[in-house]
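Printed here is model.cif (mmCIF, N, CA and C atoms):
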```cif
data_run
#
loop_
_atom_site.label_atom_id
_atom_site.label_comp_id
_atom_site.auth_asym_id
_atom_site.auth_seq_id
_atom_site.Cartn_x
_atom_site.Cartn_y
_atom_site.Cartn_z
N MET A 422 -31.52 -40.78 -170.67
CA MET A 422 -31.89 -39.38 -170.69
C MET A 422 -31.17 -38.66 -169.56
N CYS A 423 -30.62 -37.51 -169.83
CA CYS A 423 -29.91 -36.73 -168.83
C CYS A 423 -30.74 -35.50 -168.47
N PHE A 424 -30.99 -35.30 -167.22
CA PHE A 424 -31.75 -34.16 -166.74
C PHE A 424 -30.76 -33.12 -166.24
N PHE A 425 -30.90 -31.90 -166.71
CA PHE A 425 -29.95 -30.85 -166.35
C PHE A 425 -30.73 -29.56 -166.17
N GLU A 426 -30.63 -28.94 -165.01
CA GLU A 426 -31.29 -27.66 -164.80
C GLU A 426 -30.49 -26.82 -163.81
N GLN A 427 -30.71 -25.51 -163.86
CA GLN A 427 -30.01 -24.60 -162.99
C GLN A 427 -31.03 -23.68 -162.30
N LEU A 428 -30.60 -23.10 -161.19
CA LEU A 428 -31.41 -22.15 -160.45
C LEU A 428 -30.47 -21.11 -159.87
N HIS A 429 -30.87 -19.86 -159.96
CA HIS A 429 -30.03 -18.79 -159.42
C HIS A 429 -30.94 -17.86 -158.61
N TYR A 430 -30.63 -17.67 -157.33
CA TYR A 430 -31.44 -16.87 -156.42
C TYR A 430 -30.51 -15.92 -155.68
N PRO A 431 -30.14 -14.77 -156.32
CA PRO A 431 -29.06 -13.93 -155.78
C PRO A 431 -29.47 -12.90 -154.72
N HIS A 432 -30.48 -13.18 -153.93
CA HIS A 432 -30.89 -12.20 -152.93
C HIS A 432 -31.45 -12.89 -151.68
N TYR A 433 -31.66 -12.10 -150.67
CA TYR A 433 -32.23 -12.59 -149.43
C TYR A 433 -33.75 -12.54 -149.52
N ASP A 434 -34.39 -13.47 -148.84
CA ASP A 434 -35.85 -13.50 -148.78
C ASP A 434 -36.23 -13.77 -147.33
N HIS A 435 -37.39 -13.34 -146.95
CA HIS A 435 -37.80 -13.48 -145.54
C HIS A 435 -38.87 -14.53 -145.33
N ALA A 436 -39.52 -14.99 -146.38
CA ALA A 436 -40.59 -15.97 -146.19
C ALA A 436 -40.57 -16.99 -147.32
N PRO A 437 -40.04 -18.15 -147.16
CA PRO A 437 -39.26 -18.57 -145.99
C PRO A 437 -37.88 -17.91 -146.00
N VAL A 438 -37.25 -17.90 -144.85
CA VAL A 438 -35.94 -17.27 -144.73
C VAL A 438 -34.95 -18.02 -145.64
N SER A 439 -34.26 -17.26 -146.47
CA SER A 439 -33.27 -17.87 -147.35
C SER A 439 -32.14 -16.88 -147.61
N THR A 440 -31.01 -17.42 -147.99
CA THR A 440 -29.84 -16.61 -148.33
C THR A 440 -29.53 -16.80 -149.81
N PRO A 441 -28.72 -15.92 -150.40
CA PRO A 441 -28.40 -16.04 -151.81
C PRO A 441 -27.73 -17.38 -152.12
N ALA A 442 -28.23 -18.03 -153.16
CA ALA A 442 -27.70 -19.34 -153.54
C ALA A 442 -27.97 -19.61 -155.01
N SER A 443 -27.21 -20.52 -155.56
CA SER A 443 -27.43 -21.02 -156.90
C SER A 443 -27.35 -22.53 -156.83
N ALA A 444 -28.04 -23.20 -157.75
CA ALA A 444 -28.02 -24.66 -157.73
C ALA A 444 -27.98 -25.19 -159.16
N ILE A 445 -27.46 -26.39 -159.27
CA ILE A 445 -27.45 -27.08 -160.54
C ILE A 445 -27.77 -28.54 -160.29
N ARG A 446 -28.57 -29.10 -161.18
CA ARG A 446 -28.89 -30.52 -161.10
C ARG A 446 -28.47 -31.17 -162.41
N ASP A 447 -27.77 -32.28 -162.29
CA ASP A 447 -27.31 -33.04 -163.44
C ASP A 447 -27.62 -34.50 -163.16
N GLY A 448 -28.66 -35.02 -163.78
CA GLY A 448 -29.09 -36.38 -163.49
C GLY A 448 -29.54 -36.50 -162.05
N ASP A 449 -28.97 -37.44 -161.32
CA ASP A 449 -29.35 -37.66 -159.91
C ASP A 449 -28.64 -36.71 -158.96
N TRP A 450 -27.66 -35.95 -159.47
CA TRP A 450 -26.81 -35.12 -158.61
C TRP A 450 -27.27 -33.67 -158.58
N LYS A 451 -27.19 -33.06 -157.41
CA LYS A 451 -27.54 -31.65 -157.23
C LYS A 451 -26.47 -30.98 -156.39
N LEU A 452 -26.01 -29.81 -156.86
CA LEU A 452 -25.07 -28.99 -156.09
C LEU A 452 -25.77 -27.68 -155.76
N ILE A 453 -25.64 -27.25 -154.52
CA ILE A 453 -26.13 -25.93 -154.10
C ILE A 453 -24.91 -25.12 -153.67
N HIS A 454 -24.75 -23.95 -154.26
CA HIS A 454 -23.66 -23.04 -153.91
C HIS A 454 -24.26 -21.89 -153.11
N PHE A 455 -23.80 -21.71 -151.89
CA PHE A 455 -24.29 -20.65 -151.01
C PHE A 455 -23.36 -19.44 -151.12
N SER A 456 -23.89 -18.34 -151.63
CA SER A 456 -23.08 -17.15 -151.91
C SER A 456 -22.58 -16.45 -150.65
N GLU A 457 -23.31 -16.55 -149.57
CA GLU A 457 -22.96 -15.83 -148.36
C GLU A 457 -21.62 -16.30 -147.78
N ASP A 458 -21.43 -17.61 -147.69
CA ASP A 458 -20.18 -18.12 -147.13
C ASP A 458 -19.38 -18.97 -148.13
N LEU A 459 -19.85 -19.00 -149.37
CA LEU A 459 -19.16 -19.65 -150.49
C LEU A 459 -18.97 -21.16 -150.33
N HIS A 460 -19.84 -21.81 -149.56
CA HIS A 460 -19.70 -23.27 -149.45
C HIS A 460 -20.67 -23.96 -150.42
N ASP A 461 -20.32 -25.19 -150.76
CA ASP A 461 -21.13 -26.02 -151.65
C ASP A 461 -21.65 -27.23 -150.90
N GLU A 462 -22.85 -27.64 -151.24
CA GLU A 462 -23.41 -28.89 -150.75
C GLU A 462 -23.79 -29.72 -151.97
N VAL A 463 -23.60 -31.03 -151.88
CA VAL A 463 -23.91 -31.94 -152.98
C VAL A 463 -24.79 -33.08 -152.46
N TYR A 464 -25.81 -33.40 -153.25
CA TYR A 464 -26.74 -34.46 -152.87
C TYR A 464 -26.97 -35.40 -154.04
N ASN A 465 -27.16 -36.68 -153.74
CA ASN A 465 -27.62 -37.64 -154.74
C ASN A 465 -29.12 -37.80 -154.50
N LEU A 466 -29.91 -37.22 -155.40
CA LEU A 466 -31.35 -37.15 -155.18
C LEU A 466 -32.04 -38.51 -155.30
N ARG A 467 -31.46 -39.44 -156.01
CA ARG A 467 -32.08 -40.77 -156.09
C ARG A 467 -31.97 -41.47 -154.74
N GLU A 468 -30.80 -41.35 -154.11
CA GLU A 468 -30.57 -42.01 -152.82
C GLU A 468 -31.05 -41.18 -151.63
N ASP A 469 -31.17 -39.87 -151.82
CA ASP A 469 -31.48 -38.96 -150.71
C ASP A 469 -32.38 -37.82 -151.22
N PRO A 470 -33.63 -38.13 -151.58
CA PRO A 470 -34.50 -37.12 -152.19
C PRO A 470 -34.83 -35.94 -151.26
N SER A 471 -34.69 -36.12 -149.97
CA SER A 471 -34.99 -35.03 -149.04
C SER A 471 -33.76 -34.20 -148.68
N GLU A 472 -32.64 -34.48 -149.34
CA GLU A 472 -31.39 -33.72 -149.19
C GLU A 472 -30.96 -33.59 -147.73
N GLN A 473 -30.82 -34.73 -147.09
CA GLN A 473 -30.42 -34.77 -145.69
C GLN A 473 -28.92 -35.02 -145.49
N HIS A 474 -28.24 -35.56 -146.52
CA HIS A 474 -26.84 -35.97 -146.36
C HIS A 474 -25.97 -35.30 -147.43
N ASP A 475 -25.25 -34.27 -147.00
CA ASP A 475 -24.35 -33.54 -147.90
C ASP A 475 -23.16 -34.45 -148.23
N LEU A 476 -22.96 -34.68 -149.53
CA LEU A 476 -21.90 -35.58 -149.99
C LEU A 476 -20.70 -34.85 -150.57
N ALA A 477 -20.62 -33.53 -150.41
CA ALA A 477 -19.52 -32.77 -151.00
C ALA A 477 -18.15 -33.29 -150.53
N GLY A 478 -18.01 -33.60 -149.29
CA GLY A 478 -16.74 -34.10 -148.76
C GLY A 478 -16.40 -35.50 -149.24
N LYS A 479 -17.41 -36.32 -149.50
CA LYS A 479 -17.19 -37.69 -149.94
C LYS A 479 -16.99 -37.79 -151.45
N HIS A 480 -17.44 -36.78 -152.19
CA HIS A 480 -17.35 -36.81 -153.65
C HIS A 480 -16.76 -35.49 -154.16
N PRO A 481 -15.48 -35.22 -153.87
CA PRO A 481 -14.89 -33.95 -154.28
C PRO A 481 -14.82 -33.77 -155.80
N ASP A 482 -14.63 -34.86 -156.55
CA ASP A 482 -14.59 -34.72 -158.01
C ASP A 482 -15.95 -34.32 -158.57
N LYS A 483 -17.02 -34.92 -158.08
CA LYS A 483 -18.37 -34.57 -158.51
C LYS A 483 -18.70 -33.14 -158.09
N THR A 484 -18.26 -32.75 -156.90
CA THR A 484 -18.48 -31.38 -156.43
C THR A 484 -17.79 -30.39 -157.36
N SER A 485 -16.55 -30.64 -157.71
CA SER A 485 -15.81 -29.75 -158.61
C SER A 485 -16.46 -29.69 -159.99
N GLU A 486 -16.87 -30.84 -160.50
CA GLU A 486 -17.50 -30.91 -161.83
C GLU A 486 -18.78 -30.07 -161.86
N LEU A 487 -19.64 -30.26 -160.88
CA LEU A 487 -20.90 -29.52 -160.84
C LEU A 487 -20.68 -28.04 -160.59
N ALA A 488 -19.73 -27.69 -159.74
CA ALA A 488 -19.43 -26.28 -159.47
C ALA A 488 -18.94 -25.59 -160.75
N GLN A 489 -18.12 -26.28 -161.53
CA GLN A 489 -17.64 -25.72 -162.79
C GLN A 489 -18.80 -25.52 -163.77
N LYS A 490 -19.68 -26.48 -163.88
CA LYS A 490 -20.84 -26.36 -164.77
C LYS A 490 -21.72 -25.18 -164.34
N LEU A 491 -21.88 -25.02 -163.03
CA LEU A 491 -22.69 -23.91 -162.53
C LEU A 491 -22.03 -22.57 -162.86
N ARG A 492 -20.73 -22.46 -162.65
CA ARG A 492 -20.02 -21.21 -162.98
C ARG A 492 -20.14 -20.89 -164.46
N GLU A 493 -20.00 -21.91 -165.30
CA GLU A 493 -20.11 -21.70 -166.75
C GLU A 493 -21.50 -21.20 -167.13
N TRP A 494 -22.53 -21.78 -166.53
CA TRP A 494 -23.89 -21.35 -166.82
C TRP A 494 -24.13 -19.92 -166.34
N LEU A 495 -23.69 -19.59 -165.13
CA LEU A 495 -23.86 -18.24 -164.60
C LEU A 495 -23.19 -17.21 -165.51
N THR A 496 -22.02 -17.56 -166.03
CA THR A 496 -21.31 -16.67 -166.96
C THR A 496 -22.08 -16.56 -168.28
N ALA A 497 -22.55 -17.69 -168.80
CA ALA A 497 -23.25 -17.71 -170.09
C ALA A 497 -24.52 -16.86 -170.08
N VAL A 498 -25.21 -16.83 -168.93
CA VAL A 498 -26.46 -16.06 -168.86
C VAL A 498 -26.23 -14.67 -168.27
N ASP A 499 -24.97 -14.33 -168.01
CA ASP A 499 -24.62 -13.03 -167.44
C ASP A 499 -25.42 -12.75 -166.17
N ALA A 500 -25.44 -13.74 -165.29
CA ALA A 500 -26.22 -13.67 -164.06
C ALA A 500 -25.70 -12.57 -163.13
N ASP A 501 -26.61 -11.86 -162.49
CA ASP A 501 -26.24 -10.93 -161.43
C ASP A 501 -25.79 -11.73 -160.23
N LEU A 502 -24.66 -11.34 -159.66
CA LEU A 502 -24.13 -12.04 -158.49
C LEU A 502 -24.23 -11.14 -157.28
N PRO A 503 -24.44 -11.72 -156.12
CA PRO A 503 -24.52 -10.92 -154.90
C PRO A 503 -23.22 -10.16 -154.66
N THR A 504 -23.34 -8.96 -154.13
CA THR A 504 -22.17 -8.16 -153.76
C THR A 504 -22.34 -7.70 -152.33
N SER A 505 -21.23 -7.40 -151.68
CA SER A 505 -21.32 -6.88 -150.32
C SER A 505 -21.61 -5.38 -150.37
N LYS A 506 -22.19 -4.88 -149.30
CA LYS A 506 -22.54 -3.45 -149.24
C LYS A 506 -21.34 -2.60 -149.07
#
```
Please render this file's structure as structure tokens.
Amino acid sequence: MCFFEQLHYPHYDHAPVSTPASAIRDGDWKLIHFSEDLHDEVYNLREDPSEQHDLAGKHPDKTSELAQKLREWLTAVDADLPTSK
């Protein structure tokens, strides 16, 4: 069974403090894309359920794959994206 879900949070919040981000989970893998500085973080949730060790640098192919899936989903749902003032 493959688990696949997305999350899109295109705004700032104060409680708890957060910045605009989107995320995608595919099986054990999760990518978080931070809109403010455009960086990605990748976690293997089976091995690191508390998301303490960013694996984006160690798994560039998985990072690219998940980032592409996230972009495709954001386009498919016509998601609002953060813009600068």
Practice problem: Find the residues near A:Glu468: any atom within 10 Å, counting only C-alpha atoms, skip ones fewer than 6 places away on the same chain, and give them as JSON, numbers by chain. | Solution: {"A": [449, 450, 474]}
Just to be explicit: take each residue in the selection above, keep N, CA and C atoms, and write the result as a short mmCIF file (atom, residue, chain, number, x, y, z; two decimals), in the frame of the given file.
```cif
data_model
loop_
_atom_site.label_atom_id
_atom_site.label_comp_id
_atom_site.auth_asym_id
_atom_site.auth_seq_id
_atom_site.Cartn_x
_atom_site.Cartn_y
_atom_site.Cartn_z
N ASP A 449 -28.97 -37.44 -161.32
CA ASP A 449 -29.35 -37.66 -159.91
C ASP A 449 -28.64 -36.71 -158.96
N TRP A 450 -27.66 -35.95 -159.47
CA TRP A 450 -26.81 -35.12 -158.61
C TRP A 450 -27.27 -33.67 -158.58
N HIS A 474 -28.24 -35.56 -146.52
CA HIS A 474 -26.84 -35.97 -146.36
C HIS A 474 -25.97 -35.30 -147.43
#
```
Quiz item: Which residues match the PyMOL selection byres ((chain A and resi 481-496) around 8) in the file above, as JSON, numbers by chain?
Solution: {"A": [427, 443, 444, 445, 446, 447, 450, 451, 452, 453, 454, 461, 462, 463, 476, 477, 478, 479, 480, 497, 498, 499, 500, 501]}
Quiz prompt | Coordinates-based distance that separates atom CA of A:Ser439 from atom CA of A:Ser456 (Å, one decimal) | solution =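 One can read the atom CA of A:Ser456 to atom CA of A:Ser439 distance as 11.2 Å.
The interatomic distance for the pair atom CA of A:Thr440 and atom CA of A:Phe455 works out to 7.4 Å.
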Quiz item: Please, what distance in Å, to one decimal, runs between atom CA of A:Asn465 and atom C of A:Gly448?
Solution: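 It comes out at 7.6 Å.
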Can you rebuild stretch 484-505 of chain A with N, CA, C and O atoms and give it as a CSV table (one decimal), in the coordinates of the input?
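File out_26.csv, as written:
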```csv
chain,number,residue,atom,x,y,z
A,484,THR,N,-18.3,-32.8,-156.9
A,484,THR,CA,-18.5,-31.4,-156.4
A,484,THR,C,-17.8,-30.4,-157.4
A,484,THR,O,-18.4,-29.4,-157.8
A,485,SER,N,-16.6,-30.6,-157.7
A,485,SER,CA,-15.8,-29.8,-158.6
A,485,SER,C,-16.5,-29.7,-160.0
A,485,SER,O,-16.6,-28.6,-160.6
A,486,GLU,N,-16.9,-30.8,-160.5
A,486,GLU,CA,-17.5,-30.9,-161.8
A,486,GLU,C,-18.8,-30.1,-161.9
A,486,GLU,O,-19.0,-29.3,-162.8
A,487,LEU,N,-19.6,-30.3,-160.9
A,487,LEU,CA,-20.9,-29.5,-160.8
A,487,LEU,C,-20.7,-28.0,-160.6
A,487,LEU,O,-21.4,-27.2,-161.2
A,488,ALA,N,-19.7,-27.7,-159.7
A,488,ALA,CA,-19.4,-26.3,-159.5
A,488,ALA,C,-18.9,-25.6,-160.8
A,488,ALA,O,-19.3,-24.4,-161.0
A,489,GLN,N,-18.1,-26.3,-161.5
A,489,GLN,CA,-17.6,-25.7,-162.8
A,489,GLN,C,-18.8,-25.5,-163.8
A,489,GLN,O,-18.9,-24.5,-164.4
A,490,LYS,N,-19.7,-26.5,-163.9
A,490,LYS,CA,-20.8,-26.4,-164.8
A,490,LYS,C,-21.7,-25.2,-164.3
A,490,LYS,O,-22.2,-24.4,-165.2
A,491,LEU,N,-21.9,-25.0,-163.0
A,491,LEU,CA,-22.7,-23.9,-162.5
A,491,LEU,C,-22.0,-22.6,-162.9
A,491,LEU,O,-22.7,-21.6,-163.3
A,492,ARG,N,-20.7,-22.5,-162.6
A,492,ARG,CA,-20.0,-21.2,-163.0
A,492,ARG,C,-20.1,-20.9,-164.5
A,492,ARG,O,-20.4,-19.7,-164.8
A,493,GLU,N,-20.0,-21.9,-165.3
A,493,GLU,CA,-20.1,-21.7,-166.8
A,493,GLU,C,-21.5,-21.2,-167.1
A,493,GLU,O,-21.7,-20.3,-168.0
A,494,TRP,N,-22.5,-21.8,-166.5
A,494,TRP,CA,-23.9,-21.4,-166.8
A,494,TRP,C,-24.1,-19.9,-166.3
A,494,TRP,O,-24.7,-19.1,-167.1
A,495,LEU,N,-23.7,-19.6,-165.1
A,495,LEU,CA,-23.9,-18.2,-164.6
A,495,LEU,C,-23.2,-17.2,-165.5
A,495,LEU,O,-23.7,-16.1,-165.8
A,496,THR,N,-22.0,-17.6,-166.0
A,496,THR,CA,-21.3,-16.7,-167.0
A,496,THR,C,-22.1,-16.6,-168.3
A,496,THR,O,-22.3,-15.5,-168.8
A,497,ALA,N,-22.6,-17.7,-168.8
A,497,ALA,CA,-23.2,-17.7,-170.1
A,497,ALA,C,-24.5,-16.9,-170.1
A,497,ALA,O,-24.9,-16.2,-171.1
A,498,VAL,N,-25.2,-16.8,-168.9
A,498,VAL,CA,-26.5,-16.1,-168.9
A,498,VAL,C,-26.2,-14.7,-168.3
A,498,VAL,O,-27.2,-13.9,-168.0
A,499,ASP,N,-25.0,-14.3,-168.0
A,499,ASP,CA,-24.6,-13.0,-167.4
A,499,ASP,C,-25.4,-12.8,-166.2
A,499,ASP,O,-26.0,-11.7,-166.0
A,500,ALA,N,-25.4,-13.7,-165.3
A,500,ALA,CA,-26.2,-13.7,-164.1
A,500,ALA,C,-25.7,-12.6,-163.1
A,500,ALA,O,-24.5,-12.4,-163.0
A,501,ASP,N,-26.6,-11.9,-162.5
A,501,ASP,CA,-26.2,-10.9,-161.4
A,501,ASP,C,-25.8,-11.7,-160.2
A,501,ASP,O,-26.5,-12.7,-159.8
A,502,LEU,N,-24.7,-11.3,-159.7
A,502,LEU,CA,-24.1,-12.0,-158.5
A,502,LEU,C,-24.2,-11.1,-157.3
A,502,LEU,O,-24.1,-9.9,-157.4
A,503,PRO,N,-24.4,-11.7,-156.1
A,503,PRO,CA,-24.5,-10.9,-154.9
A,503,PRO,C,-23.2,-10.2,-154.7
A,503,PRO,O,-22.1,-10.7,-155.0
A,504,THR,N,-23.3,-9.0,-154.1
A,504,THR,CA,-22.2,-8.2,-153.8
A,504,THR,C,-22.3,-7.7,-152.3
A,504,THR,O,-23.5,-7.6,-151.8
A,505,SER,N,-21.2,-7.4,-151.7
A,505,SER,CA,-21.3,-6.9,-150.3
A,505,SER,C,-21.6,-5.4,-150.4
A,505,SER,O,-21.3,-4.7,-151.4
```
